[in-house]
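Below is one structure, written out as structure tokens, with a few remarks after it.
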Amino acid sequence: MITKFLNFLLAPGLFQSPQVAHALILGSVVAITSAIVGVFAVIRGQAFAGHALADFGATGASGAFLLGINTLWGFIGMGLLGGLGMDMLGRTPRERDVTTGITLSFMLGLGSLFLYYVTTKTTATGAPMTIFFGSIFLVNPSIVSIVIILELVTLLLLVILYRPLLLSSINPDLAYTRGVPLRTVSLLFMSALVLTVEQSALVTGALLSTVLLIGPAAIAIRLTKRLGTTLLLSVFVGLVTMWLSIVLAYDSAQLPPVGRGWPVSFFVVSIILLFYSVIYSFTTKGSK
Amino acid sequence: MKNFTETTSDDKQLLTLENIQVIYGQRTILKNINLSIRSGEFVGLIGPNGAGKTTLLRVILGLIKPTQGTASINGIRIQGAHRRLVGYVPQKIQLDPDIPLRARDLVALGLDGHRFGFPLPNREKRHKVDEVLHAVDALRYAELPVGRLSGGEQQRLLIAQALLSNPRLLLLDEPLSNLDLRSAHEVIQLVADVARTRKIAVLLVAHDMNPLLHVMDKIIYLVNGQAAIGTLDEVVQKEVLSKIYGYEVEVLRIHNRILVVSEKEDECGMEAQCDHKIS
Ligand SMILES: Nc1ncnc2c1ncn2[C@@H]1O[C@H](COP(=O)(O)OP(=O)(O)O)[C@@H](O)[C@H]1O
Ligand SMILES: [Mg+2]
């Protein structure tokens with residue numbers, strides 16, 4: 001029984017497949033960055049912004065398909081545009097939400113037009129599926145090292161911003177009087193958020209990158225009371241989820257319809273939901 | 001008699017506002033404010049909601065540029081943030097109950113929150129934080145998650161945070177507004193003690209002057225953007241207050257309390273009537 005399960009989990013060929021190796025590397029860097037940036041996004045109340053950025057990116061990726069360039073550049077290009085716009089336009093949180101909501105609808109509309117062209121005029125009929133639900137096994141190997149570099153840049157930004165970012169999240173006036181350059185900090189964090197979300201969109205798909213951003217962070221925040229510990233736990237949850245999902249997705253090729261594995265993002269979402277509901281029910285019973 | 005060992009710089013004006021005016025659109029929020037505060041003075045900034053108290057603090061902090069007039073600290077004109085001299089405790093800080101910070105982490109941000117780079121723990125820093133936590137009597141809950149602490153406890157931490165930058169002037173915006181009477185008295189006593197021992201000038205905003213009567217060296221009474229400044233006896237009297245209110249008010253002193261009352265009850269001018277109003 002156990003051996004049967006292990007045989008399924010560690011299916012033949014799992015460790016030989018270069019696709020799986022690439023997926024594990026990509027998945028890991030994306031999970032680590034999302035977990036760390038996610039903690040700050042949740043603390044700053046920018047979880048919705050994170051989701052919007054992924055949708056912006058999806059339009060860019062659709063455009064990239066149309067132009068025949070790598071979708072990563074579509075994701076990041078449009079994400080930066082949207083992120084910087086959001087950062088400039090919205091003064092108050094409500095203003096930001098409204099502006100984001102309206103631009104978002106427009107962008108998704110534009111994206112649907114792009115995809116209409118892509119699916120009717122080209123052979124890339126799988127484009128919508130790839131963009132919205134991810135394609136970790138199909139990512140072009142040449143892009144892996146670029147992703148790793150960009151994720152390192154993002155993490156470096158976070159290390160630099162750590163304290164001013166925290167202080168300005170608690171109270172901007174306080175941060176300003178301490179001499180924190182608020183505009184710069186908020187703009188740099190927005191850039192970090194864009195890079196994180198768009199690269200995770202490349203892997204898990206635009207619709208589900210939010211889960212990777214917020215899921216591990218929310219779980220970790222619920223369980224810890226020190227930022228350092230929160231970040232470590234968030235990374236741990238993110239990595240475990242990602243690894244399990246990739247392995248399960250590879251194995252699922254043995255399930256119907258045989259030959260094609262289920263999407264990784266399905267497993268990511270399920271595992272996070274499972275984690276979160278268990279932790280939620282335990283922590284609410286006890287302390288609150 | 002002044003003690004000779006006292007340095008002369010302690011006698012200089014620490015904060016000076018000259019002809020400060022702030023206009024938002026058509027509305028004049030602050031009219032011609034002139035005042036000065038010396039080192040070590042405890043000053044109460046009293047006025048009804050919407051009087052312009054927070055606006056005045058924001059001018060002193062360099063957060064807003066006055067339409068007219070000059071503000072200077074230690075003789076240097078205020079332009080933008082000047083983090084070394086002024087400590088600040090904002091009016092309302094709503095901490096997320098789940099925010100993953102211990103009380104001491106919040107306080108430590110007062111020391112180096114503006115620095116870039118990942119914070120490395122070191123003994124000197126920990127010692128400084130412990131010291132200020134002790135000063136505000138918050139060591140008991142130093143390790144607890146800050147979001148779960150009571151309003152009074154959070155208020156003490158914010159004061160500790162502000163003290164860590166070694167300010168010469170401490171600005172507190174309505175630190176008493178969410179506290180019960182006992183915690184309010186504790187916070188006032190704490191601020192007064194710390195200010196005296198460290199020779200820090202304090203500007204504390206409140207809408208009721210009564211809890212502060214025994215600690216204030218000076219009072220600034222602000223109504224409709226106009227201020228009267230001086231000692232309690234100079235400022236809180238019928239003629240002075242009637243002038244800035246713009247109508248006749250009476251000052252009543254009963255049981256060591258001061259009440260400012262008028263016939264115009266519908267105006268939210270009197271602090272007692274303003275208590276239930278939210279700004
Ligand atoms: N940014 C702003 N724009 C326009 N009006 C403002 C602004 N900030 C404050 N005000 C107005 O200035 C007046 C004084 O506000 P404030 O200084 O916050 O009063 P207080 O702190 O004494 O309650 C209020 O009527 C408020 O509506
Ligand atoms: Mg105010």
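How things are named: the first chain in the structure tokens is A, the next is B, and so on; residues count from 1 in each chain; ligands count from 1 in the order shown.
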*Please write out the residues within 12 Å of ligand 2 as an MDAnalysis selection string, counting only C-alpha atoms and all ligand atoms.*
chainID B and resid 45:58 89:92 172:177 204:207 222 278:279
*asked:* Which residues are close to range 118-130 of chain B, i.e. within 9 Å by only C-alpha atoms, leaving aside same-chain residues fewer than 2 positions away? Reply as a list in words.
replied: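 Near range 118-130 of chain B, the qualifying residues are Leu158, Val159, Ile160, Leu161, Tyr162 and Arg163 of chain A; Arg104, Asp105, Val107, Ala108, Leu111, Asp112, Arg115, Phe116, Val132, Leu133, His134, Ala135, Leu139, Ala142, Ala160, Gln161 and Leu164 of chain B.
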Please identify every residue of chain A that has at least one atom no more than 8 Å from any atom of chain B, counting only C-alpha atoms, and report them as a compact mmCIF listing (two decimals) with N, CA and C atoms, in the first residue's frame.
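Once everything was written out, this is selection14.txt:
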# COMPACT_ATOMS: atom_id res chain seq x y z
N ILE A 43 1.00 43.00 4.92
CA ILE A 43 1.12 44.01 5.98
C ILE A 43 0.73 45.39 5.45
N VAL A 159 15.71 43.34 0.97
CA VAL A 159 16.69 43.43 2.06
C VAL A 159 17.03 44.89 2.33
N ILE A 160 17.19 45.66 1.25
CA ILE A 160 17.53 47.07 1.41
C ILE A 160 16.37 47.85 2.04
N LEU A 161 15.17 47.57 1.59
CA LEU A 161 14.01 48.37 2.03
C LEU A 161 13.48 47.98 3.41
N TYR A 162 13.86 46.81 3.88
CA TYR A 162 13.28 46.18 5.06
C TYR A 162 12.72 47.14 6.13
N ARG A 163 13.57 47.92 6.78
CA ARG A 163 13.09 48.74 7.89
C ARG A 163 12.25 49.93 7.45
N PRO A 164 12.70 50.74 6.49
CA PRO A 164 11.86 51.88 6.07
C PRO A 164 10.50 51.43 5.55
N LEU A 166 8.82 48.78 6.50
CA LEU A 166 8.03 48.40 7.67
C LEU A 166 7.50 49.65 8.36
N LEU A 167 8.37 50.61 8.59
CA LEU A 167 7.98 51.83 9.29
C LEU A 167 6.91 52.59 8.51
N ILE A 170 3.52 50.98 8.83
CA ILE A 170 2.87 51.21 10.12
C ILE A 170 2.25 52.60 10.15
N ASN A 171 3.00 53.61 9.77
CA ASN A 171 2.48 54.96 9.72
C ASN A 171 3.36 55.84 8.83
N ASP A 173 3.34 59.07 8.15
CA ASP A 173 3.78 60.33 8.74
C ASP A 173 4.97 60.12 9.66
N LEU A 174 4.85 59.07 10.45
CA LEU A 174 5.93 58.73 11.37
C LEU A 174 7.21 58.46 10.59
N ALA A 175 7.07 57.68 9.52
CA ALA A 175 8.22 57.33 8.70
C ALA A 175 8.84 58.60 8.10
N TYR A 176 7.97 59.50 7.63
CA TYR A 176 8.47 60.73 7.02
C TYR A 176 9.25 61.56 8.02
N THR A 177 8.71 61.68 9.23
CA THR A 177 9.41 62.49 10.22
C THR A 177 10.72 61.84 10.66
N ARG A 178 10.84 60.54 10.47
CA ARG A 178 12.11 59.87 10.74
C ARG A 178 13.08 60.05 9.58
N GLY A 179 12.61 60.65 8.49
CA GLY A 179 13.49 60.87 7.35
C GLY A 179 13.44 59.80 6.28
N VAL A 180 12.39 58.99 6.29
CA VAL A 180 12.26 57.96 5.24
C VAL A 180 11.76 58.61 3.95
N ILE A 221 1.79 34.72 8.89
CA ILE A 221 1.44 35.85 9.75
C ILE A 221 0.52 35.37 10.88
N ARG A 222 -0.35 34.43 10.57
CA ARG A 222 -1.26 33.91 11.59
C ARG A 222 -0.52 33.16 12.69
N THR A 224 2.88 33.45 13.63
CA THR A 224 4.10 33.98 14.24
C THR A 224 3.89 35.40 14.73
N LYS A 225 4.83 35.87 15.53
CA LYS A 225 4.73 37.24 16.04
C LYS A 225 6.01 38.04 15.84
N ARG A 226 6.96 37.46 15.10
CA ARG A 226 8.19 38.20 14.80
C ARG A 226 8.41 38.15 13.32
N LEU A 227 8.72 39.30 12.74
CA LEU A 227 8.82 39.39 11.29
C LEU A 227 9.83 38.38 10.72
N THR A 230 8.28 35.07 10.70
CA THR A 230 7.20 35.07 9.72
C THR A 230 7.74 34.83 8.32
*Quick one, how far is CA of Ile200 in chain B from CA of Ile33 in chain B?*
22.5 Å
*Who sits within 7 Å of range 107-110 of chain A, only C-alpha atoms, same chain under 4 positions skipped, as a PyMOL selection string*: chain A and resi 55-56+59+103+114
_From the options B:Pro167, B:Gly152, B:Gly40, B:Gly225, which residue's atoms come nearest to ligand 1, counting only C-alpha atoms and all ligand atoms?_
B:Gly225
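For the set B:Arg38, B:Arg77, B:Lys31, B:Arg148, the residue with the smallest atom-to-atom gap to Ala227 in chain B is B:Lys31, counting only C-alpha atoms.
Compared by their closest atoms to Val211 in chain A, and using only C-alpha atoms, the residues A:Leu273, A:Val37, A:Ile246, A:Val118 rank with A:Leu273 nearest.
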_To one decimal place in Å, what is the distance between CA of Leu171 in chain B and CA of Gly44 in chain B?_
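We find that CA of Leu171 in chain B and CA of Gly44 in chain B lie 10.2 Å from each other.
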_Could you check the closest approach to ligand 1 for each of A:Ser277, A:Ser252, A:Thr92, A:Ser169 and tell me which residue wins, using only C-alpha atoms and all ligand atoms?_
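Checking each candidate against ligand 1, we get A:Thr92 as the closest.
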_DSSP-assigned strand (DSSP E) members of range 40-243 of chain B, reported as a PyMOL selection string_ = chain B and resi 42-46+68-73+76-77+86-89+169-172+201-206+218-223+226-230
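Going from CA of Val261 in chain B to CA of Glu248 in chain B covers 9.0 Å.
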*Measuring atom to atom with only C-alpha atoms, identify which of A:Gln46, A:Ser200, A:Ser281, A:Ser28 is nearest to Ser135 in chain A.*
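Smallest separation from Ser135 in chain A among the options: A:Ser200.
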*asked:* Given only C-alpha atoms as the basis, pick out the residue of A:Leu10, A:Leu155, A:Val197, A:Val268 nearest to Ala49 in chain A.
replied: A:Val197
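For Val240 in chain B, the residues within 10 Å (counting only C-alpha atoms, excluding itself and residues fewer than 5 positions away along the chain) are Tyr221, Ala227, Ala228, Ile229, Glu234, Val235, Tyr245 and Val249 of chain B.
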